[in-house]
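These notes concern the structure reproduced below.
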Amino acid sequence: MATFQTLPGFREFYPEDLVRRNHIFRLWRQSANTFGFAEYDAPVLEPLELYTAKSGPEIEGQLFSFTDKGGRQVALRPEMTPTVCRLVGAKASALKRPIKWFSIGEFYRYERMQKGRGRCFHQFNADIFGEPGPEAEIELIALLIQCFSSFGLTEQDFHVRLSDRNLWFYFLAALGLDEARIRGVLGAVDRYEKYGDEAFKPYAEQFGPLEESHKARILAFLKINSLEAIERVLAEVESGANGSAAAGSMRARLADWRKLLGAIEAMGLTKFVTVDFGVVRGLAYYTGFVFEAFDRKGELRALAGGGRYDDLVEKLGGPALPAVGFAIGDMTFALLLEQRGLTPKFVAGPEVYCVIGGEAERLAAFGDIHALRAAGFRVDYPMKDLAFGKQFKVAAESGAKVALIYGSDELARGVVKLRDLTARSEVEVPRNEVAAAVRDFLTGA
RNA sequence: GCGGUCAUAGCUCAGUUGGUUAGAGCACAAGAUUGUGAAUCUUGGGGUCGCGGGUUCGAGUCCCGUUGGCCGCCCCA
């Protein structure tokens, strides 16, 4: 039947699908608003260079990119971060600090579909610009947790894994590794959870095998899961040979950790946060704390990810401006809600359904219908004459709480019957009091 | 880019070693029923059997190709 198919990986939202999507967006937006974040939006189509500048030309293979009629190389946006960096960078000196922004938008990546991943998806993005200290991370991690909790998800359902690329850099530098080797090790750490020792293979191929003592210490560092564990490692580094410079940086960094974890505890959110140095996040532009949200059962791919990217605004042509942000994808998140039975089921139907006798009664009903709608009530009625029995059935199935009955008997007496569709009881009200009676009924008066 | 698996009505699926005009349930619509509800009965609309080719007297069924879905690998901003 379908001559034209939906493009592979793209989604269509029928009304019942859009109900669920809107529910998700509504609570995300509400959470961001309660945290004082301002909403923005931006174009879906951007210059290709916006993405190749940040991630290199290889990225183009994963973009919906093409040349437009003006000869411009363009791409559908695969993420929000470069765009928001441009927006903020362009007006940085005029924006009130702290800059707390969020958006909800659709993104496109030319990829093969998998569970929880398609070629188009929506993301909630929240970012704070201009705040170099952990105060920004505190606010964002709290918001991330709220974006999940507001759906009824608990610490049984998800947690936020928190790590720190700064400490990783200081630590690996103390081992005497140069920057290229450090990035190689971080790549292995990123894959370690999935592949175990295999994860170090690419490093070995590029730089030769890792020294055994180094590897043991790296694996121990990877297993850090608490503030106390960080302190133990710090003591080791301080007693190490070329550790003195790195030890100073690590000691200073520990103050940020205390501030961050202290604030999370004060908010009562400790149960949602897991210190886990196995998280480093793949891309190189993160410069400090990084975090990812996962389902507790570990069945789904990442629900959300974020971290600090202090160099990116400047790299994209703006002023030097520290930044932290995170994004939640809608596909995996919807899967989690589905698994936990937390998706809403009902389309918002009418509150009032009008049962109409015939053409003469229809004209009488129209006056009330329009007045009720103008007063803000959701009102529906059959568009063609139907048997009364059928109309009551439709009224009941519509989800309406109340039916208004416009029959010839009633109108002859100057009244309308108001039927309580739940209790199946009726009262008569004078025609000029219909709006008031409906309001009283629906508000429980 | 690679691999596995699947594709019949809006949905879930039957369909015999290849054999008449491709079926059921649900859903939708009409009627029984121009004044009162989730029931019942009757009836109806809806299919190029994903698409293309091949084998055959004959293909939903067998073969090849292709497109698409799902799952995994690579990747994951």
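All residue names refer to the structure tokens as shown: chains lettered A, B, ... in order, residues numbered from 1 in each chain, ligands numbered from 1 in order.
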
For this session: List the neighbours of G46 (chain B) out to 12 Å using only C-alpha atoms (C1' of nucleotides); skip same-chain residues closer than 5 positions along the sequence, and give me the result as a PyMOL selection string.
Result: (chain A and resi 1) or (chain B and resi 9-10+27-29)

Okay, now the selection with N, CA, C and O atoms (P, O5', C5', C4', C3', O3' and C1' of nucleotides), as a compact mmCIF listing (two decimals), in the first residue's frame?
```
# COMPACT_ATOMS: atom_id res chain seq x y z
N MET A 1 0.82 -1.19 0.00
CA MET A 1 0.00 0.00 0.00
C MET A 1 0.86 1.26 0.00
O MET A 1 0.68 2.15 -0.80
P A B 9 -0.30 -7.66 5.91
O5' A B 9 -1.84 -7.38 5.57
C5' A B 9 -2.19 -6.42 4.58
C4' A B 9 -3.48 -5.73 4.95
C3' A B 9 -3.47 -5.10 6.34
O3' A B 9 -4.22 -3.88 6.30
C1' A B 9 -5.25 -6.61 6.18
P G B 10 -3.51 -2.53 5.97
O5' G B 10 -3.10 -2.03 7.44
C5' G B 10 -2.52 -0.75 7.64
C4' G B 10 -2.67 -0.37 9.09
C3' G B 10 -2.25 -1.45 10.07
O3' G B 10 -0.87 -1.33 10.40
C1' G B 10 -4.44 -0.74 10.58
P A B 27 -12.33 -5.11 19.29
O5' A B 27 -11.57 -4.11 18.31
C5' A B 27 -10.55 -3.25 18.81
C4' A B 27 -9.96 -2.43 17.69
C3' A B 27 -10.96 -1.59 16.90
O3' A B 27 -11.24 -0.36 17.54
C1' A B 27 -9.57 -2.77 15.40
P C B 28 -12.70 0.30 17.41
O5' C B 28 -12.76 0.71 15.86
C5' C B 28 -11.89 1.72 15.35
C4' C B 28 -12.08 1.85 13.85
C3' C B 28 -13.52 2.05 13.40
O3' C B 28 -13.94 3.40 13.54
C1' C B 28 -12.51 0.41 12.06
P A B 29 -15.43 3.68 14.03
O5' A B 29 -16.30 3.36 12.73
C5' A B 29 -16.14 4.14 11.55
C4' A B 29 -16.90 3.53 10.42
C3' A B 29 -18.38 3.24 10.69
O3' A B 29 -19.18 4.39 10.57
C1' A B 29 -17.39 1.37 9.64
```

Problem set entry | Sel. of strand (DSSP E or B) residues, region 8-188 of chain A, as a PyMOL selection string | chain A and resi 38-39+45-47+65-67+73-76+99-108+114+117+120-129+158-164

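Near chain A, counting only C-alpha atoms (C1' of nucleotides) at 8 Å, the chain B residues are U33, U34, G35, U36, G37, G68, C71 and A77 of chain B.
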
Take the residues from that selection and write them out as an mmCIF file, in the first residue's frame, keeping N, CA and C atoms (P, O5', C5', C4', C3', O3' and C1' of nucleotides).
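Here's the written file out.cif:
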```cif
data_model
loop_
_atom_site.group_PDB
_atom_site.id
_atom_site.type_symbol
_atom_site.label_atom_id
_atom_site.label_comp_id
_atom_site.auth_asym_id
_atom_site.auth_seq_id
_atom_site.Cartn_x
_atom_site.Cartn_y
_atom_site.Cartn_z
ATOM 1 P P U B 33 -34.826 -2.620 15.537
ATOM 2 O "O5'" U B 33 -35.107 -1.076 15.435
ATOM 3 C "C5'" U B 33 -34.205 -0.173 14.839
ATOM 4 C "C4'" U B 33 -33.684 0.797 15.888
ATOM 5 C "C3'" U B 33 -32.549 1.650 15.343
ATOM 6 O "O3'" U B 33 -32.765 2.990 15.731
ATOM 7 C "C1'" U B 33 -31.864 0.558 17.341
ATOM 8 P P U B 34 -33.399 3.881 14.486
ATOM 9 O "O5'" U B 34 -33.775 5.220 15.276
ATOM 10 C "C5'" U B 34 -32.725 6.028 15.721
ATOM 11 C "C4'" U B 34 -33.233 7.102 16.641
ATOM 12 C "C3'" U B 34 -34.715 6.974 16.972
ATOM 13 O "O3'" U B 34 -34.953 7.052 18.367
ATOM 14 C "C1'" U B 34 -34.236 9.135 16.000
ATOM 15 P P G B 35 -35.134 7.987 19.365
ATOM 16 O "O5'" G B 35 -34.639 6.992 20.494
ATOM 17 C "C5'" G B 35 -33.292 6.871 20.872
ATOM 18 C "C4'" G B 35 -33.118 7.278 22.327
ATOM 19 C "C3'" G B 35 -34.223 6.800 23.245
ATOM 20 O "O3'" G B 35 -33.641 6.368 24.458
ATOM 21 C "C1'" G B 35 -33.946 9.128 23.458
ATOM 22 P P U B 36 -33.412 4.843 24.728
ATOM 23 O "O5'" U B 36 -31.953 4.745 25.347
ATOM 24 C "C5'" U B 36 -30.800 4.991 24.526
ATOM 25 C "C4'" U B 36 -29.604 5.186 25.423
ATOM 26 C "C3'" U B 36 -29.658 4.371 26.707
ATOM 27 O "O3'" U B 36 -28.347 3.946 27.032
ATOM 28 C "C1'" U B 36 -29.505 6.666 27.222
ATOM 29 P P G B 37 -27.973 2.472 26.930
ATOM 30 O "O5'" G B 37 -26.385 2.445 26.847
ATOM 31 C "C5'" G B 37 -25.731 2.575 25.579
ATOM 32 C "C4'" G B 37 -24.259 2.394 25.799
ATOM 33 C "C3'" G B 37 -23.952 1.261 26.757
ATOM 34 O "O3'" G B 37 -22.780 0.583 26.348
ATOM 35 C "C1'" G B 37 -23.178 3.316 27.654
ATOM 36 P P G B 68 16.777 0.605 2.472
ATOM 37 O "O5'" G B 68 15.680 0.047 3.476
ATOM 38 C "C5'" G B 68 14.475 0.773 3.695
ATOM 39 C "C4'" G B 68 13.486 -0.049 4.480
ATOM 40 C "C3'" G B 68 13.919 -0.468 5.875
ATOM 41 O "O3'" G B 68 13.803 0.571 6.823
ATOM 42 C "C1'" G B 68 12.965 -2.317 4.784
ATOM 43 P P C B 71 16.078 -3.383 18.298
ATOM 44 O "O5'" C B 71 17.125 -4.595 18.301
ATOM 45 C "C5'" C B 71 16.882 -5.731 19.102
ATOM 46 C "C4'" C B 71 17.937 -6.781 18.876
ATOM 47 C "C3'" C B 71 19.383 -6.317 18.968
ATOM 48 O "O3'" C B 71 19.834 -6.152 20.291
ATOM 49 C "C1'" C B 71 19.125 -7.707 17.077
ATOM 50 P P A B 77 30.286 9.571 23.069
ATOM 51 O "O5'" A B 77 30.993 10.978 23.295
ATOM 52 C "C5'" A B 77 31.574 11.734 22.239
ATOM 53 C "C4'" A B 77 30.761 12.991 22.016
ATOM 54 C "C3'" A B 77 29.263 12.811 22.215
ATOM 55 O "O3'" A B 77 28.866 12.937 23.569
ATOM 56 C "C1'" A B 77 29.636 13.818 20.134
#
```

For this session: Taking the chain letters and numbering used in this document, name the residues of region 143-272 of chain A that DSSP puts in helix (DSSP H, G or I), as a VMD selection string.
Result: chain A and resid 143 to 149 165 to 174 179 to 207 212 to 222 227 to 239 244 to 266 270 to 272

For this session: Please provide the set of residues having any atom within 10 Å of Leu312 (chain A), restricted to only C-alpha atoms (C1' of nucleotides), with same-chain residues fewer than 5 positions apart removed, written as a list in words.
Result: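 Close residues of Leu312 (chain A): Lys54, Thr81, Pro82, Cys85, Arg86, Gly89, Tyr285, Tyr286, Thr287, Gly317, Gly318, Pro319, Ala320, Leu321, Pro322 and Ala323 of chain A.
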
Residue contacts of Arg431 (chain A) (12 Å, only C-alpha atoms (C1' of nucleotides)) excluding same-chain residues fewer than 4 positions away, as a PDB file with N, CA, C and O atoms, in the first residue's frame:
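The resulting file, result_36.pdb, is shown below:
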```pdb
ATOM      1  N   ALA A 364     -28.886  24.759  18.271  1.00  0.00           N
ATOM      2  CA  ALA A 364     -28.971  25.252  19.647  1.00  0.00           C
ATOM      3  C   ALA A 364     -27.706  24.892  20.417  1.00  0.00           C
ATOM      4  O   ALA A 364     -27.172  25.699  21.174  1.00  0.00           O
ATOM      5  N   ALA A 365     -27.199  23.676  20.194  1.00  0.00           N
ATOM      6  CA  ALA A 365     -26.018  23.224  20.924  1.00  0.00           C
ATOM      7  C   ALA A 365     -24.775  24.035  20.547  1.00  0.00           C
ATOM      8  O   ALA A 365     -23.934  24.313  21.394  1.00  0.00           O
ATOM      9  N   GLY A 367     -24.207  27.083  20.076  1.00  0.00           N
ATOM     10  CA  GLY A 367     -23.968  28.273  20.884  1.00  0.00           C
ATOM     11  C   GLY A 367     -23.252  27.923  22.174  1.00  0.00           C
ATOM     12  O   GLY A 367     -22.245  28.544  22.532  1.00  0.00           O
ATOM     13  N   ASP A 368     -23.734  26.888  22.868  1.00  0.00           N
ATOM     14  CA  ASP A 368     -23.115  26.480  24.132  1.00  0.00           C
ATOM     15  C   ASP A 368     -21.727  25.888  23.900  1.00  0.00           C
ATOM     16  O   ASP A 368     -20.796  26.131  24.668  1.00  0.00           O
ATOM     17  N   ILE A 369     -21.626  25.077  22.813  1.00  0.00           N
ATOM     18  CA  ILE A 369     -20.336  24.441  22.533  1.00  0.00           C
ATOM     19  C   ILE A 369     -19.254  25.497  22.373  1.00  0.00           C
ATOM     20  O   ILE A 369     -18.188  25.426  22.992  1.00  0.00           O
ATOM     21  N   LEU A 404     -23.614  16.557  27.708  1.00  0.00           N
ATOM     22  CA  LEU A 404     -24.712  17.524  27.669  1.00  0.00           C
ATOM     23  C   LEU A 404     -25.690  17.029  26.626  1.00  0.00           C
ATOM     24  O   LEU A 404     -25.300  16.749  25.494  1.00  0.00           O
ATOM     25  N   ILE A 405     -26.960  16.905  27.003  1.00  0.00           N
ATOM     26  CA  ILE A 405     -27.946  16.307  26.108  1.00  0.00           C
ATOM     27  C   ILE A 405     -28.875  17.375  25.554  1.00  0.00           C
ATOM     28  O   ILE A 405     -29.630  18.009  26.308  1.00  0.00           O
ATOM     29  N   TYR A 406     -28.778  17.576  24.242  1.00  0.00           N
ATOM     30  CA  TYR A 406     -29.608  18.551  23.542  1.00  0.00           C
ATOM     31  C   TYR A 406     -30.671  17.801  22.754  1.00  0.00           C
ATOM     32  O   TYR A 406     -30.501  17.524  21.570  1.00  0.00           O
ATOM     33  N   GLU A 410     -35.968  18.494  25.844  1.00  0.00           N
ATOM     34  CA  GLU A 410     -35.280  19.416  26.752  1.00  0.00           C
ATOM     35  C   GLU A 410     -35.359  20.842  26.229  1.00  0.00           C
ATOM     36  O   GLU A 410     -35.678  21.770  26.982  1.00  0.00           O
ATOM     37  N   LEU A 411     -35.033  21.010  24.950  1.00  0.00           N
ATOM     38  CA  LEU A 411     -34.980  22.367  24.415  1.00  0.00           C
ATOM     39  C   LEU A 411     -36.366  23.014  24.452  1.00  0.00           C
ATOM     40  O   LEU A 411     -36.490  24.222  24.669  1.00  0.00           O
ATOM     41  N   ALA A 412     -37.410  22.208  24.251  1.00  0.00           N
ATOM     42  CA  ALA A 412     -38.760  22.756  24.324  1.00  0.00           C
ATOM     43  C   ALA A 412     -39.038  23.317  25.718  1.00  0.00           C
ATOM     44  O   ALA A 412     -39.818  24.257  25.878  1.00  0.00           O
ATOM     45  N   ARG A 413     -38.386  22.759  26.718  1.00  0.00           N
ATOM     46  CA  ARG A 413     -38.585  23.239  28.081  1.00  0.00           C
ATOM     47  C   ARG A 413     -37.507  24.214  28.532  1.00  0.00           C
ATOM     48  O   ARG A 413     -37.430  24.588  29.698  1.00  0.00           O
ATOM     49  N   GLY A 414     -36.605  24.566  27.581  1.00  0.00           N
ATOM     50  CA  GLY A 414     -35.564  25.548  27.907  1.00  0.00           C
ATOM     51  C   GLY A 414     -34.492  25.008  28.822  1.00  0.00           C
ATOM     52  O   GLY A 414     -33.837  25.747  29.550  1.00  0.00           O
ATOM     53  N   VAL A 415     -34.257  23.684  28.784  1.00  0.00           N
ATOM     54  CA  VAL A 415     -33.219  23.096  29.651  1.00  0.00           C
ATOM     55  C   VAL A 415     -32.295  22.214  28.806  1.00  0.00           C
ATOM     56  O   VAL A 415     -32.582  21.899  27.654  1.00  0.00           O
ATOM     57  N   VAL A 416     -31.168  21.854  29.423  1.00  0.00           N
ATOM     58  CA  VAL A 416     -30.233  20.877  28.852  1.00  0.00           C
ATOM     59  C   VAL A 416     -29.984  19.858  29.945  1.00  0.00           C
ATOM     60  O   VAL A 416     -29.873  20.215  31.118  1.00  0.00           O
ATOM     61  N   LYS A 417     -29.930  18.586  29.563  1.00  0.00           N
ATOM     62  CA  LYS A 417     -29.603  17.572  30.559  1.00  0.00           C
ATOM     63  C   LYS A 417     -28.096  17.445  30.677  1.00  0.00           C
ATOM     64  O   LYS A 417     -27.381  17.387  29.682  1.00  0.00           O
ATOM     65  N   LEU A 418     -27.631  17.394  31.914  1.00  0.00           N
ATOM     66  CA  LEU A 418     -26.216  17.218  32.188  1.00  0.00           C
ATOM     67  C   LEU A 418     -26.062  15.832  32.788  1.00  0.00           C
ATOM     68  O   LEU A 418     -26.603  15.549  33.859  1.00  0.00           O
ATOM     69  N   ALA A 435     -22.929  26.747  31.131  1.00  0.00           N
ATOM     70  CA  ALA A 435     -21.491  26.939  31.356  1.00  0.00           C
ATOM     71  C   ALA A 435     -21.162  26.877  32.838  1.00  0.00           C
ATOM     72  O   ALA A 435     -20.201  26.223  33.246  1.00  0.00           O
ATOM     73  N   ALA A 436     -21.968  27.533  33.645  1.00  0.00           N
ATOM     74  CA  ALA A 436     -21.728  27.544  35.091  1.00  0.00           C
ATOM     75  C   ALA A 436     -21.874  26.141  35.664  1.00  0.00           C
ATOM     76  O   ALA A 436     -21.067  25.700  36.502  1.00  0.00           O
ATOM     77  N   ALA A 437     -22.898  25.409  35.196  1.00  0.00           N
ATOM     78  CA  ALA A 437     -23.116  24.058  35.720  1.00  0.00           C
ATOM     79  C   ALA A 437     -21.958  23.129  35.351  1.00  0.00           C
ATOM     80  O   ALA A 437     -21.518  22.322  36.170  1.00  0.00           O
ATOM     81  N   VAL A 438     -21.450  23.271  34.114  1.00  0.00           N
ATOM     82  CA  VAL A 438     -20.320  22.435  33.692  1.00  0.00           C
ATOM     83  C   VAL A 438     -19.088  22.761  34.530  1.00  0.00           C
ATOM     84  O   VAL A 438     -18.382  21.869  34.999  1.00  0.00           O
TER      85      VAL A 438
END
```

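Atom to atom, C1' of A32 (chain B) and CA of Met383 (chain A) stand 22.7 Å apart.
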
Exercise. Quick one, how far is C1' of C62 (chain B) from C1' of A7 (chain B)?
Worked result: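 Between these atoms lies a distance of 17.1 Å.
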
Please provide as a short mmCIF file (atom, residue, chain, number, x, y, z; two decimals) with N, CA and C atoms, in the first residue's frame all residues within 9 Å of Leu442 (chain A), with the sequence filter that same-chain residues fewer than 5 positions apart are discarded (counting only C-alpha atoms (C1' of nucleotides)).
```cif
data_model
loop_
_atom_site.label_atom_id
_atom_site.label_comp_id
_atom_site.auth_asym_id
_atom_site.auth_seq_id
_atom_site.Cartn_x
_atom_site.Cartn_y
_atom_site.Cartn_z
N GLU A 351 -13.52 16.88 27.88
CA GLU A 351 -14.12 16.84 29.22
C GLU A 351 -15.63 16.75 29.10
N LYS A 401 -16.06 13.44 31.09
CA LYS A 401 -16.64 13.23 32.41
C LYS A 401 -18.15 13.46 32.38
N VAL A 402 -18.55 14.34 31.46
CA VAL A 402 -19.94 14.77 31.48
C VAL A 402 -20.47 14.87 30.05
N ALA A 437 -22.90 25.41 35.20
CA ALA A 437 -23.12 24.06 35.72
C ALA A 437 -21.96 23.13 35.35
#
```

Exercise. Neighbours of Ile145 (chain A) within 12 Å (only C-alpha atoms (C1' of nucleotides); same-chain residues fewer than 4 positions away dropped), as a PyMOL selection string?
Worked result: chain A and resi 28+31-32+35+138-141+149-155+157-161+264+267-273+291-294+303-305+326+328

Problem set entry | For CA of Glu131 (chain A) and CA of Pro47 (chain A), the interatomic separation in Å (one decimal) | 28.3 Å

For this session: Give the answer as one residue: which of A:Phe121, A:Phe289, A:Phe207, A:Phe377 has the shortest atom-to-atom distance to Gly133 (chain A), using only C-alpha atoms?
Result: A:Phe289

Distance query region 56-59 of chain B at most 12 Å, only C-alpha atoms (C1' of nucleotides), self and fewer than 5 positions along chain excluded, as a PDB file with N, CA, C and O atoms (P, O5', C5', C4', C3', O3' and C1' of nucleotides), in the first residue's frame:
```
ATOM      1  P     G B  18       6.331 -28.225  -1.791  1.00  0.00           P
ATOM      2  O5'   G B  18       4.838 -27.673  -1.660  1.00  0.00           O
ATOM      3  C5'   G B  18       4.605 -26.335  -1.322  1.00  0.00           C
ATOM      4  C4'   G B  18       3.749 -25.676  -2.369  1.00  0.00           C
ATOM      5  C3'   G B  18       2.598 -26.521  -2.876  1.00  0.00           C
ATOM      6  O3'   G B  18       1.483 -25.686  -3.140  1.00  0.00           O
ATOM      7  C1'   G B  18       3.908 -25.813  -4.681  1.00  0.00           C
ATOM      8  P     G B  19       0.114 -25.866  -2.329  1.00  0.00           P
ATOM      9  O5'   G B  19      -0.965 -25.798  -3.496  1.00  0.00           O
ATOM     10  C5'   G B  19      -1.195 -24.579  -4.211  1.00  0.00           C
ATOM     11  C4'   G B  19      -2.359 -24.730  -5.158  1.00  0.00           C
ATOM     12  C3'   G B  19      -3.513 -25.567  -4.624  1.00  0.00           C
ATOM     13  O3'   G B  19      -4.722 -25.087  -5.178  1.00  0.00           O
ATOM     14  C1'   G B  19      -2.635 -26.606  -6.562  1.00  0.00           C
ATOM     15  P     U B  20      -5.673 -24.027  -4.345  1.00  0.00           P
ATOM     16  O5'   U B  20      -6.658 -23.474  -5.474  1.00  0.00           O
ATOM     17  C5'   U B  20      -6.152 -22.917  -6.692  1.00  0.00           C
ATOM     18  C4'   U B  20      -7.313 -22.647  -7.616  1.00  0.00           C
ATOM     19  C3'   U B  20      -8.161 -21.434  -7.228  1.00  0.00           C
ATOM     20  O3'   U B  20      -8.673 -20.852  -8.415  1.00  0.00           O
ATOM     21  C1'   U B  20      -9.507 -23.367  -7.235  1.00  0.00           C
ATOM     22  P     C B  49       0.259  -9.536  -3.621  1.00  0.00           P
ATOM     23  O5'   C B  49       1.457  -9.613  -2.556  1.00  0.00           O
ATOM     24  C5'   C B  49       1.556  -8.794  -1.421  1.00  0.00           C
ATOM     25  C4'   C B  49       1.864  -9.630  -0.192  1.00  0.00           C
ATOM     26  C3'   C B  49       3.146 -10.452  -0.244  1.00  0.00           C
ATOM     27  O3'   C B  49       3.737 -10.431   1.037  1.00  0.00           O
ATOM     28  C1'   C B  49       1.321 -11.874   0.209  1.00  0.00           C
TER      29        C B  49
END
```

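Minimum distance to G69 (chain B) across A:Leu172, A:Asn22, A:Phe10, A:Val429 (counting only C-alpha atoms (C1' of nucleotides)) occurs at A:Phe10.
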
Exercise. From the set A:Gly176, A:Gly329, A:Pro350, A:Gly130, which residue has the shortest atom-to-atom contact distance to Lys100 (chain A), counting only C-alpha atoms?
Worked result: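 Closest to Lys100 (chain A), using only C-alpha atoms: A:Gly130.
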
Problem set entry | Selected residue, from A:Ala403, A:Leu27, A:Ile230, A:Ala247, that lies nearest to Val275 (chain A) when counting only C-alpha atoms |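 Using only C-alpha atoms, Val275 (chain A) sits closest to A:Ile230.
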